[in-house]
$ cat coords-v9.cif   # mmCIF, C-alpha atoms
data_target
#
loop_
_atom_site.label_atom_id
_atom_site.label_comp_id
_atom_site.auth_asym_id
_atom_site.auth_seq_id
_atom_site.Cartn_x
_atom_site.Cartn_y
_atom_site.Cartn_z
CA MET A 8 -2.80 -2.73 29.21
CA SER A 9 -4.17 -4.47 26.12
CA ASP A 10 -6.08 -7.78 26.11
CA THR A 11 -2.78 -9.55 25.52
CA GLY A 12 -1.25 -8.01 28.65
CA ILE A 13 1.14 -5.84 26.62
CA ASP A 14 1.37 -2.10 27.26
CA PRO A 15 0.01 -0.42 24.04
CA LEU A 16 2.54 2.42 24.31
CA GLU A 17 5.41 -0.04 24.62
CA GLN A 18 3.96 -2.03 21.72
CA LYS A 19 3.85 1.10 19.53
CA MET A 20 7.42 2.08 20.47
CA GLN A 21 8.64 -1.43 19.59
CA PHE A 22 6.71 -1.29 16.29
CA LEU A 23 8.36 2.02 15.32
CA TYR A 24 11.79 0.82 16.47
CA THR A 25 11.46 -2.24 14.21
CA LEU A 26 10.50 -0.03 11.26
CA ARG A 27 13.53 2.23 11.78
CA SER A 28 15.88 -0.72 12.21
CA ARG A 29 14.72 -2.09 8.83
CA GLY A 30 15.37 1.12 6.93
CA VAL A 31 12.20 3.19 7.31
CA THR A 32 13.72 6.52 8.33
CA ASP A 33 11.56 9.21 6.66
CA PRO A 34 9.96 11.20 9.53
CA ARG A 35 6.70 11.79 7.61
CA VAL A 36 6.32 8.09 6.82
CA LEU A 37 7.09 7.08 10.42
CA GLY A 38 4.60 9.69 11.65
CA ALA A 39 1.88 8.31 9.37
CA MET A 40 2.60 4.74 10.48
CA GLU A 41 2.48 5.82 14.13
CA LYS A 42 -0.90 7.48 13.60
CA ILE A 43 -2.57 4.66 11.62
CA ASP A 44 -3.15 1.65 13.88
CA ARG A 45 -2.39 -1.57 11.97
CA GLY A 46 -4.46 -3.44 14.53
CA LEU A 47 -7.64 -2.06 12.93
CA PHE A 48 -6.77 -3.72 9.63
CA VAL A 49 -6.08 -7.25 10.92
CA ARG A 50 -9.07 -9.29 12.03
CA GLY A 51 -9.91 -12.71 13.43
CA THR A 52 -7.25 -15.30 14.25
CA PHE A 53 -4.31 -13.09 13.38
CA ALA A 54 -5.42 -9.92 15.21
CA GLU A 55 -2.99 -10.50 18.10
CA ARG A 56 -0.09 -10.52 15.61
CA ALA A 57 -0.98 -7.15 14.07
CA TYR A 58 2.15 -5.43 15.39
CA GLU A 59 4.62 -8.06 14.25
CA ASP A 60 6.74 -7.22 11.22
CA THR A 61 5.21 -9.96 9.11
CA PRO A 62 2.62 -10.29 6.34
CA LEU A 63 -0.69 -11.80 7.49
CA PRO A 64 -3.66 -13.40 5.69
CA ILE A 65 -6.85 -11.38 5.15
CA ALA A 66 -10.13 -12.15 3.36
CA CYS A 67 -10.39 -13.18 -0.32
CA GLY A 68 -7.05 -15.03 -0.25
CA GLN A 69 -5.10 -11.77 0.02
CA THR A 70 -2.52 -10.56 2.55
CA ILE A 71 -1.75 -7.44 4.54
CA SER A 72 1.87 -6.60 3.76
CA GLN A 73 4.74 -6.66 6.23
CA PRO A 74 4.83 -3.22 7.94
CA SER A 75 8.48 -2.59 7.10
CA VAL A 76 7.74 -3.29 3.42
CA VAL A 77 4.77 -0.89 3.55
CA GLY A 78 7.11 1.70 5.08
CA LEU A 79 9.90 1.15 2.55
CA MET A 80 7.49 1.29 -0.41
CA THR A 81 5.88 4.47 0.94
CA GLN A 82 9.28 6.02 1.57
CA ALA A 83 10.45 5.20 -1.97
CA LEU A 84 7.27 6.75 -3.39
CA GLU A 85 8.32 10.18 -2.05
CA VAL A 86 4.72 11.40 -1.64
CA GLY A 87 4.22 15.14 -1.38
CA PRO A 88 1.29 16.87 0.38
CA ARG A 89 -0.20 18.06 -2.94
CA ASP A 90 0.14 14.72 -4.74
CA LYS A 91 -2.68 12.67 -6.24
CA VAL A 92 -1.90 8.98 -5.70
CA LEU A 93 -3.25 5.80 -7.27
CA GLU A 94 -2.95 2.54 -5.33
CA VAL A 95 -3.58 -0.70 -7.22
CA GLY A 96 -4.66 -3.43 -4.81
CA THR A 97 -6.46 -2.02 -1.75
CA GLY A 98 -6.31 -5.29 0.19
CA SER A 99 -6.76 -4.53 3.90
CA GLY A 100 -6.73 -0.76 3.28
CA TYR A 101 -3.66 -0.27 5.49
CA GLN A 102 -1.38 1.09 2.75
CA ALA A 103 -4.08 3.50 1.50
CA ALA A 104 -4.63 4.76 5.05
CA ILE A 105 -0.90 5.46 5.42
CA LEU A 106 -0.90 7.30 2.08
CA SER A 107 -3.91 9.37 3.18
CA GLN A 108 -1.70 11.02 5.80
CA LEU A 109 0.86 12.08 3.18
CA ALA A 110 -1.03 12.93 -0.04
CA ARG A 111 -3.77 15.34 -1.10
CA ARG A 112 -5.95 12.55 -2.50
CA VAL A 113 -5.67 8.76 -2.75
CA TYR A 114 -7.57 6.62 -5.23
CA THR A 115 -7.36 2.92 -4.38
CA VAL A 116 -8.72 0.16 -6.64
CA GLU A 117 -9.41 -3.46 -5.73
CA ARG A 118 -10.81 -6.40 -7.72
CA HIS A 119 -12.59 -7.95 -4.71
CA ARG A 120 -15.80 -6.05 -3.92
CA ARG A 121 -15.92 -7.45 -0.37
CA LEU A 122 -12.58 -5.82 0.42
CA VAL A 123 -13.78 -2.53 -1.09
CA ARG A 124 -16.83 -2.57 1.19
CA GLU A 125 -14.85 -3.49 4.30
CA THR A 126 -12.08 -0.95 3.73
CA GLN A 127 -14.54 1.83 2.89
CA ALA A 128 -16.17 1.27 6.29
CA LEU A 129 -12.74 1.50 7.94
CA PHE A 130 -11.84 4.69 6.07
CA GLU A 131 -15.10 6.24 7.25
CA GLN A 132 -14.47 5.07 10.83
CA LEU A 133 -11.05 6.76 10.72
CA ASP A 134 -12.50 9.87 8.99
CA LEU A 135 -10.12 9.51 6.04
CA THR A 136 -12.07 11.77 3.69
CA ASN A 137 -9.31 12.00 1.07
CA VAL A 138 -9.36 8.25 0.20
CA ILE A 139 -11.66 6.97 -2.55
CA GLY A 140 -11.99 3.19 -2.88
CA LEU A 141 -13.31 1.59 -6.07
CA ALA A 142 -14.00 -1.95 -7.31
CA SER A 143 -12.04 -2.09 -10.55
CA ASP A 144 -9.51 -4.06 -12.57
CA GLY A 145 -6.32 -2.39 -11.34
CA SER A 146 -4.21 -3.61 -14.24
CA PHE A 147 -5.88 -0.88 -16.32
CA GLY A 148 -5.35 1.81 -13.70
CA LEU A 149 -7.93 4.54 -13.40
CA PRO A 150 -7.81 6.49 -16.68
CA GLU A 151 -10.68 8.84 -15.79
CA GLN A 152 -8.60 10.29 -12.92
CA ALA A 153 -5.21 10.22 -14.67
CA PRO A 154 -2.55 11.47 -14.70
CA PHE A 155 -1.23 10.66 -11.23
CA ASP A 156 1.75 12.12 -9.38
CA ARG A 157 2.41 8.76 -7.73
CA ILE A 158 1.29 5.17 -8.35
CA ILE A 159 1.85 2.24 -5.99
CA VAL A 160 1.08 -1.37 -6.92
CA THR A 161 0.67 -3.94 -4.15
CA ALA A 162 0.57 -7.02 -6.38
CA ALA A 163 3.30 -8.41 -8.61
CA ALA A 164 3.27 -7.99 -12.40
CA GLU A 165 5.63 -9.69 -14.85
CA ASP A 166 6.43 -6.21 -16.18
CA PRO A 167 5.34 -2.73 -15.10
CA PRO A 168 1.83 -2.52 -16.66
CA GLY A 169 1.69 -0.28 -19.72
CA PRO A 170 -1.62 1.42 -18.78
CA LEU A 171 -0.16 2.39 -15.40
CA LEU A 172 3.02 3.78 -16.95
CA ALA A 173 0.84 5.84 -19.31
CA GLN A 174 -1.13 7.30 -16.37
CA LEU A 175 1.97 8.55 -14.56
CA LYS A 176 2.77 12.26 -14.82
CA ILE A 177 6.14 13.36 -16.17
CA GLY A 178 8.31 13.51 -13.07
CA GLY A 179 5.99 11.04 -11.36
CA ILE A 180 7.07 7.89 -9.49
CA MET A 181 5.61 4.39 -9.52
CA ILE A 182 6.55 1.62 -7.09
CA VAL A 183 5.72 -1.88 -8.35
CA PRO A 184 6.80 -5.46 -7.53
CA VAL A 185 7.94 -7.18 -10.74
CA GLY A 186 8.51 -10.88 -11.34
CA GLN A 187 6.89 -14.31 -11.53
CA SER A 188 4.47 -14.97 -8.67
CA ASP A 189 6.20 -18.25 -7.73
CA ALA A 190 9.72 -16.81 -7.73
CA VAL A 191 11.55 -13.97 -6.03
CA GLN A 192 10.24 -10.64 -7.20
CA SER A 193 11.99 -7.28 -7.28
CA LEU A 194 10.55 -4.02 -6.03
CA ILE A 195 11.04 -1.50 -8.83
CA LYS A 196 10.94 2.29 -8.65
CA VAL A 197 9.89 3.78 -11.99
CA THR A 198 10.36 7.49 -12.63
CA ARG A 199 8.73 9.01 -15.71
CA LEU A 200 11.07 11.30 -17.61
CA GLU A 201 10.38 13.66 -20.51
CA ASP A 202 11.74 11.06 -22.95
CA GLY A 203 10.97 7.72 -21.27
CA PHE A 204 11.27 5.92 -17.96
CA ASP A 205 14.03 5.33 -15.43
CA TYR A 206 13.99 1.99 -13.57
CA ASP A 207 15.65 1.44 -10.20
CA GLU A 208 15.67 -1.97 -8.51
CA LEU A 209 15.15 -1.54 -4.75
CA ARG A 210 14.96 -4.95 -3.02
CA PRO A 211 13.59 -8.50 -3.30
CA VAL A 212 9.95 -8.92 -2.22
CA ARG A 213 7.09 -11.40 -2.47
CA PHE A 214 3.56 -10.27 -3.34
CA VAL A 215 0.38 -11.92 -4.59
CA PRO A 216 0.09 -11.75 -8.40
CA LEU A 217 -1.62 -8.86 -10.18
CA LEU A 218 -4.69 -10.44 -11.81
CA GLU A 219 -6.96 -9.06 -14.48
CA GLY A 220 -10.73 -8.81 -14.05
CA LEU A 221 -12.93 -8.51 -10.97
CA GLY A 222 -13.29 -11.13 -8.24
CA LYS A 223 -16.31 -13.44 -8.49
CA GLU A 224 -17.95 -12.52 -5.19
CA SER A 225 -20.76 -9.96 -5.10
#
$ encode --input "coords-v9.cif" --output "structure tokens"
Amino acid sequence: MSDTGIDPLEQKMQFLYTLRSRGVTDPRVLGAMEKIDRGLFVRGTFAERAYEDTPLPIACGQTISQPSVVGLMTQALEVGPRDKVLEVGTGSGYQAAILSQLARRVYTVERHRRLVRETQALFEQLDLTNVIGLASDGSFGLPEQAPFDRIIVTAAAEDPPGPLLAQLKIGGIMIVPVGQSDAVQSLIKVTRLEDGFDYDELRPVRFVPLLEGLGKES
């Protein structure tokens, strides 16, 4: 039994059941989310709520996304085992850890250096050797590692950022929340074609805004 008196196996089964009931049906995505324990990525006051399907506050005024949204975004990204993935907005590191189970390599960038340090320690603890975390302004992507097979953005932009679109391979997919930060946003799936981009609106979401520059903390 856990400290809360709940059977961990029962807790995990309920967690996966909730994911499936909310549309996360891809077996590889469910397998990754079963393997990566969300409880490791939620600390302090909210730790006991780690397995609820809800977003929770983390350091630096950021949030860890709702698990079903993480699952649906990952599912829409259609990550293959040979793919190189860019994540913009590391946050808690949970999404990058999920992606590490599905992709060949994951680059994740974050403007808050404290979060980069904390998530790097977690990645090492979990022996996730194919994840590289960097302190960087994610709105510019990571040109030195481009192009990417897949790009996932975990903060909302008013439009899909041009530098990120440019760093997507032909045939590549980007998942990005689009809209004003104080209004309902839409999760958009962008597919790069030979002659442009295809945009598919997936569902309403709410994310923190995508900001330029690095955070002020050391």
$ resolve_selection --input "coords-v9.cif" --expression "the PyMOL selection byres ((chain A and resi 185-194) around 10)" --output "PDB file with C-alpha atoms, keeping the file's coordinate frame"
ATOM      1  CA  VAL A  76       7.740  -3.290   3.420  1.00  0.00           C
ATOM      2  CA  MET A  80       7.490   1.290  -0.410  1.00  0.00           C
ATOM      3  CA  VAL A 160       1.080  -1.370  -6.920  1.00  0.00           C
ATOM      4  CA  ALA A 162       0.570  -7.020  -6.380  1.00  0.00           C
ATOM      5  CA  ALA A 163       3.300  -8.410  -8.610  1.00  0.00           C
ATOM      6  CA  ALA A 164       3.270  -7.990 -12.400  1.00  0.00           C
ATOM      7  CA  GLU A 165       5.630  -9.690 -14.850  1.00  0.00           C
ATOM      8  CA  ASP A 166       6.430  -6.210 -16.180  1.00  0.00           C
ATOM      9  CA  PRO A 167       5.340  -2.730 -15.100  1.00  0.00           C
ATOM     10  CA  PRO A 168       1.830  -2.520 -16.660  1.00  0.00           C
ATOM     11  CA  ILE A 182       6.550   1.620  -7.090  1.00  0.00           C
ATOM     12  CA  VAL A 183       5.720  -1.880  -8.350  1.00  0.00           C
ATOM     13  CA  PRO A 184       6.800  -5.460  -7.530  1.00  0.00           C
ATOM     14  CA  ILE A 195      11.040  -1.500  -8.830  1.00  0.00           C
ATOM     15  CA  LYS A 196      10.940   2.290  -8.650  1.00  0.00           C
ATOM     16  CA  VAL A 197       9.890   3.780 -11.990  1.00  0.00           C
ATOM     17  CA  ASP A 207      15.650   1.440 -10.200  1.00  0.00           C
ATOM     18  CA  GLU A 208      15.670  -1.970  -8.510  1.00  0.00           C
ATOM     19  CA  LEU A 209      15.150  -1.540  -4.750  1.00  0.00           C
ATOM     20  CA  ARG A 210      14.960  -4.950  -3.020  1.00  0.00           C
ATOM     21  CA  PRO A 211      13.590  -8.500  -3.300  1.00  0.00           C
ATOM     22  CA  VAL A 212       9.950  -8.920  -2.220  1.00  0.00           C
ATOM     23  CA  ARG A 213       7.090 -11.400  -2.470  1.00  0.00           C
ATOM     24  CA  PHE A 214       3.560 -10.270  -3.340  1.00  0.00           C
ATOM     25  CA  VAL A 215       0.380 -11.920  -4.590  1.00  0.00           C
ATOM     26  CA  PRO A 216       0.090 -11.750  -8.400  1.00  0.00           C
ATOM     27  CA  LEU A 217      -1.620  -8.860 -10.180  1.00  0.00           C
TER      28      LEU A 217
END
$ residues_around --input "coords-v9.cif" --residues "Pro64 of chain A" --least-positions-apart "3" --cutoff "12 Å" --atoms "all atoms listed in the file" --output "list in words"
Phe48, Val49, Arg50, Gly51, Thr52, Phe53, Ala54, Arg56, Ala57, Thr61, Cys67, Gly68, Gln69, Thr70, Ile71, Ser72, Gln73, Gly98, Ser99, Phe214 and Val215 of chain A
$ residues_near_point --input "coords-v9.cif" --point "(0.5, 17.6, -4.4)" --cutoff "12 Å" --atoms "only C-alpha atoms" --output "PDB file with C-alpha atoms, in the frame of the given file"
ATOM      1  CA  GLU A  85       8.320  10.180  -2.050  1.00  0.00           C
ATOM      2  CA  VAL A  86       4.720  11.400  -1.640  1.00  0.00           C
ATOM      3  CA  GLY A  87       4.220  15.140  -1.380  1.00  0.00           C
ATOM      4  CA  PRO A  88       1.290  16.870   0.380  1.00  0.00           C
ATOM      5  CA  ARG A  89      -0.200  18.060  -2.940  1.00  0.00           C
ATOM      6  CA  ASP A  90       0.140  14.720  -4.740  1.00  0.00           C
ATOM      7  CA  LYS A  91      -2.680  12.670  -6.240  1.00  0.00           C
ATOM      8  CA  VAL A  92      -1.900   8.980  -5.700  1.00  0.00           C
ATOM      9  CA  LEU A 109       0.860  12.080   3.180  1.00  0.00           C
ATOM     10  CA  ALA A 110      -1.030  12.930  -0.040  1.00  0.00           C
ATOM     11  CA  ARG A 111      -3.770  15.340  -1.100  1.00  0.00           C
ATOM     12  CA  ARG A 112      -5.950  12.550  -2.500  1.00  0.00           C
ATOM     13  CA  VAL A 113      -5.670   8.760  -2.750  1.00  0.00           C
ATOM     14  CA  PHE A 155      -1.230  10.660 -11.230  1.00  0.00           C
ATOM     15  CA  ASP A 156       1.750  12.120  -9.380  1.00  0.00           C
ATOM     16  CA  ARG A 157       2.410   8.760  -7.730  1.00  0.00           C
ATOM     17  CA  LYS A 176       2.770  12.260 -14.820  1.00  0.00           C
ATOM     18  CA  GLY A 179       5.990  11.040 -11.360  1.00  0.00           C
TER      19      GLY A 179
END
$ closest_residue --input "coords-v9.cif" --among "A:Leu135, A:Ile158, A:Ala104, A:Leu221" --to "Arg120 of chain A" --atoms "only C-alpha atoms"
A:Leu221
$ residues_around --input "coords-v9.cif" --residues "segment 33-40 of chain A" --least-positions-apart "3" --cutoff "9 Å" --atoms "all atoms listed in the file" --output "PyMOL selection string"
chain A and resi 23+26-27+30+43-45+74+78-79+81-82+104-109
$ axis_aligned_box --input "coords-v9.cif" --around "segment 21-30 of chain A" --padding-each-side "4 Å" --output "AutoDock Vina command-line options"
--center_x 11.3 --center_y 0.0 --center_z 13.3 --size_x 17.2 --size_y 12.5 --size_z 20.7
$ atom_distance --input "coords-v9.cif" --atom1 "atom CA of Arg29 of chain A" --atom2 "atom CA of Thr115 of chain A"
26.2 Å
$ resolve_selection --input "coords-v9.cif" --expression "the PyMOL selection byres ((chain A and resi 129) around 12)" --output "ChimeraX atom specification"
/A:43-49,99-101,103-104,122-128,130-136,138-140
$ write_last_selection --input "coords-v9.cif" --atoms "C-alpha atoms" --output "CSV table (one decimal), in the frame of the given file"
chain,number,residue,atom,x,y,z
A,43,ILE,CA,-2.6,4.7,11.6
A,44,ASP,CA,-3.2,1.6,13.9
A,45,ARG,CA,-2.4,-1.6,12.0
A,46,GLY,CA,-4.5,-3.4,14.5
A,47,LEU,CA,-7.6,-2.1,12.9
A,48,PHE,CA,-6.8,-3.7,9.6
A,49,VAL,CA,-6.1,-7.2,10.9
A,99,SER,CA,-6.8,-4.5,3.9
A,100,GLY,CA,-6.7,-0.8,3.3
A,101,TYR,CA,-3.7,-0.3,5.5
A,103,ALA,CA,-4.1,3.5,1.5
A,104,ALA,CA,-4.6,4.8,5.0
A,122,LEU,CA,-12.6,-5.8,0.4
A,123,VAL,CA,-13.8,-2.5,-1.1
A,124,ARG,CA,-16.8,-2.6,1.2
A,125,GLU,CA,-14.8,-3.5,4.3
A,126,THR,CA,-12.1,-1.0,3.7
A,127,GLN,CA,-14.5,1.8,2.9
A,128,ALA,CA,-16.2,1.3,6.3
A,130,PHE,CA,-11.8,4.7,6.1
A,131,GLU,CA,-15.1,6.2,7.2
A,132,GLN,CA,-14.5,5.1,10.8
A,133,LEU,CA,-11.0,6.8,10.7
A,134,ASP,CA,-12.5,9.9,9.0
A,135,LEU,CA,-10.1,9.5,6.0
A,136,THR,CA,-12.1,11.8,3.7
A,138,VAL,CA,-9.4,8.2,0.2
A,139,ILE,CA,-11.7,7.0,-2.6
A,140,GLY,CA,-12.0,3.2,-2.9
$ atom_distance --input "coords-v9.cif" --atom1 "atom CA of Gly145 of chain A" --atom2 "atom CA of Val116 of chain A"
5.9 Å
$ atom_distance --input "coords-v9.cif" --atom1 "atom CA of Gln174 of chain A" --atom2 "atom CA of Gln152 of chain A"
8.8 Å
$ closest_residue --input "coords-v9.cif" --among "A:Ile177, A:Leu93, A:Leu200, A:Ile65" --to "Pro150 of chain A" --atoms "only C-alpha atoms"
A:Leu93
$ residues_near_point --input "coords-v9.cif" --point "(-10.5, -2.5, -5.4)" --cutoff "6 Å" --atoms "all atoms listed in the file" --output "list in words"
Gly96, Thr97, Val116, Glu117, Arg118, His119, Val123, Leu141, Ala142 and Ser143 of chain A
$ build_atoms --input "coords-v9.cif" --residues "segment 27-53 of chain A" --atoms "N, CA, C and O atoms" --output "tab-separated table (two decimals), keeping the file's coordinate frame"
chain	number	residue	atom	x	y	z
A	27	ARG	N	12.28	1.47	11.97
A	27	ARG	CA	13.53	2.23	11.78
A	27	ARG	C	14.72	1.29	11.56
A	27	ARG	O	15.58	1.55	10.71
A	28	SER	N	14.74	0.21	12.31
A	28	SER	CA	15.88	-0.72	12.21
A	28	SER	C	15.92	-1.42	10.86
A	28	SER	O	16.96	-1.94	10.45
A	29	ARG	N	14.78	-1.43	10.14
A	29	ARG	CA	14.72	-2.09	8.83
A	29	ARG	C	14.73	-1.09	7.69
A	29	ARG	O	14.38	-1.43	6.57
A	30	GLY	N	15.10	0.15	7.99
A	30	GLY	CA	15.37	1.12	6.93
A	30	GLY	C	14.31	2.17	6.69
A	30	GLY	O	14.45	3.00	5.79
A	31	VAL	N	13.22	2.15	7.46
A	31	VAL	CA	12.20	3.19	7.31
A	31	VAL	C	12.61	4.37	8.19
A	31	VAL	O	12.47	4.33	9.41
A	32	THR	N	13.14	5.41	7.58
A	32	THR	CA	13.72	6.52	8.33
A	32	THR	C	13.07	7.87	8.04
A	32	THR	O	13.33	8.84	8.75
A	33	ASP	N	12.22	7.95	7.01
A	33	ASP	CA	11.56	9.21	6.66
A	33	ASP	C	10.61	9.61	7.79
A	33	ASP	O	9.67	8.86	8.11
A	34	PRO	N	10.80	10.79	8.38
A	34	PRO	CA	9.96	11.20	9.53
A	34	PRO	C	8.47	11.27	9.20
A	34	PRO	O	7.63	10.93	10.04
A	35	ARG	N	8.11	11.71	7.98
A	35	ARG	CA	6.70	11.79	7.61
A	35	ARG	C	6.07	10.40	7.50
A	35	ARG	O	4.94	10.18	7.91
A	36	VAL	N	6.83	9.46	6.96
A	36	VAL	CA	6.32	8.09	6.82
A	36	VAL	C	6.17	7.45	8.21
A	36	VAL	O	5.14	6.83	8.51
A	37	LEU	N	7.17	7.62	9.06
A	37	LEU	CA	7.09	7.08	10.42
A	37	LEU	C	5.92	7.71	11.18
A	37	LEU	O	5.21	7.03	11.93
A	38	GLY	N	5.71	9.00	10.99
A	38	GLY	CA	4.60	9.69	11.65
A	38	GLY	C	3.25	9.13	11.21
A	38	GLY	O	2.35	8.93	12.03
A	39	ALA	N	3.13	8.87	9.90
A	39	ALA	CA	1.88	8.31	9.37
A	39	ALA	C	1.65	6.89	9.92
A	39	ALA	O	0.53	6.52	10.28
A	40	MET	N	2.73	6.12	10.01
A	40	MET	CA	2.60	4.74	10.48
A	40	MET	C	2.38	4.69	12.00
A	40	MET	O	1.81	3.72	12.51
A	41	GLU	N	2.78	5.73	12.69
A	41	GLU	CA	2.48	5.82	14.13
A	41	GLU	C	1.00	6.16	14.33
A	41	GLU	O	0.34	5.65	15.24
A	42	LYS	N	0.49	7.01	13.45
A	42	LYS	CA	-0.90	7.48	13.60
A	42	LYS	C	-1.92	6.41	13.20
A	42	LYS	O	-2.98	6.30	13.81
A	43	ILE	N	-1.63	5.66	12.13
A	43	ILE	CA	-2.57	4.66	11.62
A	43	ILE	C	-2.32	3.32	12.32
A	43	ILE	O	-1.27	2.72	12.15
A	44	ASP	N	-3.28	2.87	13.08
A	44	ASP	CA	-3.15	1.65	13.88
A	44	ASP	C	-3.36	0.41	13.01
A	44	ASP	O	-4.47	0.13	12.56
A	45	ARG	N	-2.28	-0.36	12.80
A	45	ARG	CA	-2.39	-1.57	11.97
A	45	ARG	C	-3.37	-2.57	12.56
A	45	ARG	O	-3.96	-3.38	11.84
A	46	GLY	N	-3.55	-2.52	13.87
A	46	GLY	CA	-4.46	-3.44	14.53
A	46	GLY	C	-5.89	-3.36	14.00
A	46	GLY	O	-6.63	-4.35	14.06
A	47	LEU	N	-6.29	-2.20	13.47
A	47	LEU	CA	-7.64	-2.06	12.93
A	47	LEU	C	-7.83	-2.80	11.61
A	47	LEU	O	-8.95	-3.03	11.18
A	48	PHE	N	-6.72	-3.14	10.97
A	48	PHE	CA	-6.77	-3.72	9.63
A	48	PHE	C	-6.53	-5.23	9.62
A	48	PHE	O	-6.52	-5.85	8.57
A	49	VAL	N	-6.30	-5.80	10.80
A	49	VAL	CA	-6.08	-7.25	10.92
A	49	VAL	C	-7.18	-7.81	11.80
A	49	VAL	O	-7.35	-7.36	12.94
A	50	ARG	N	-7.91	-8.79	11.29
A	50	ARG	CA	-9.07	-9.29	12.03
A	50	ARG	C	-8.95	-10.78	12.28
A	50	ARG	O	-8.14	-11.48	11.67
A	51	GLY	N	-9.81	-11.27	13.20
A	51	GLY	CA	-9.91	-12.71	13.43
A	51	GLY	C	-8.69	-13.30	14.09
A	51	GLY	O	-8.04	-12.70	14.95
A	52	THR	N	-8.31	-14.49	13.64
A	52	THR	CA	-7.25	-15.30	14.25
A	52	THR	C	-5.94	-14.55	14.38
A	52	THR	O	-5.19	-14.78	15.34
A	53	PHE	N	-5.64	-13.70	13.43
A	53	PHE	CA	-4.31	-13.09	13.38
A	53	PHE	C	-4.24	-11.72	14.05
A	53	PHE	O	-3.21	-11.07	14.02
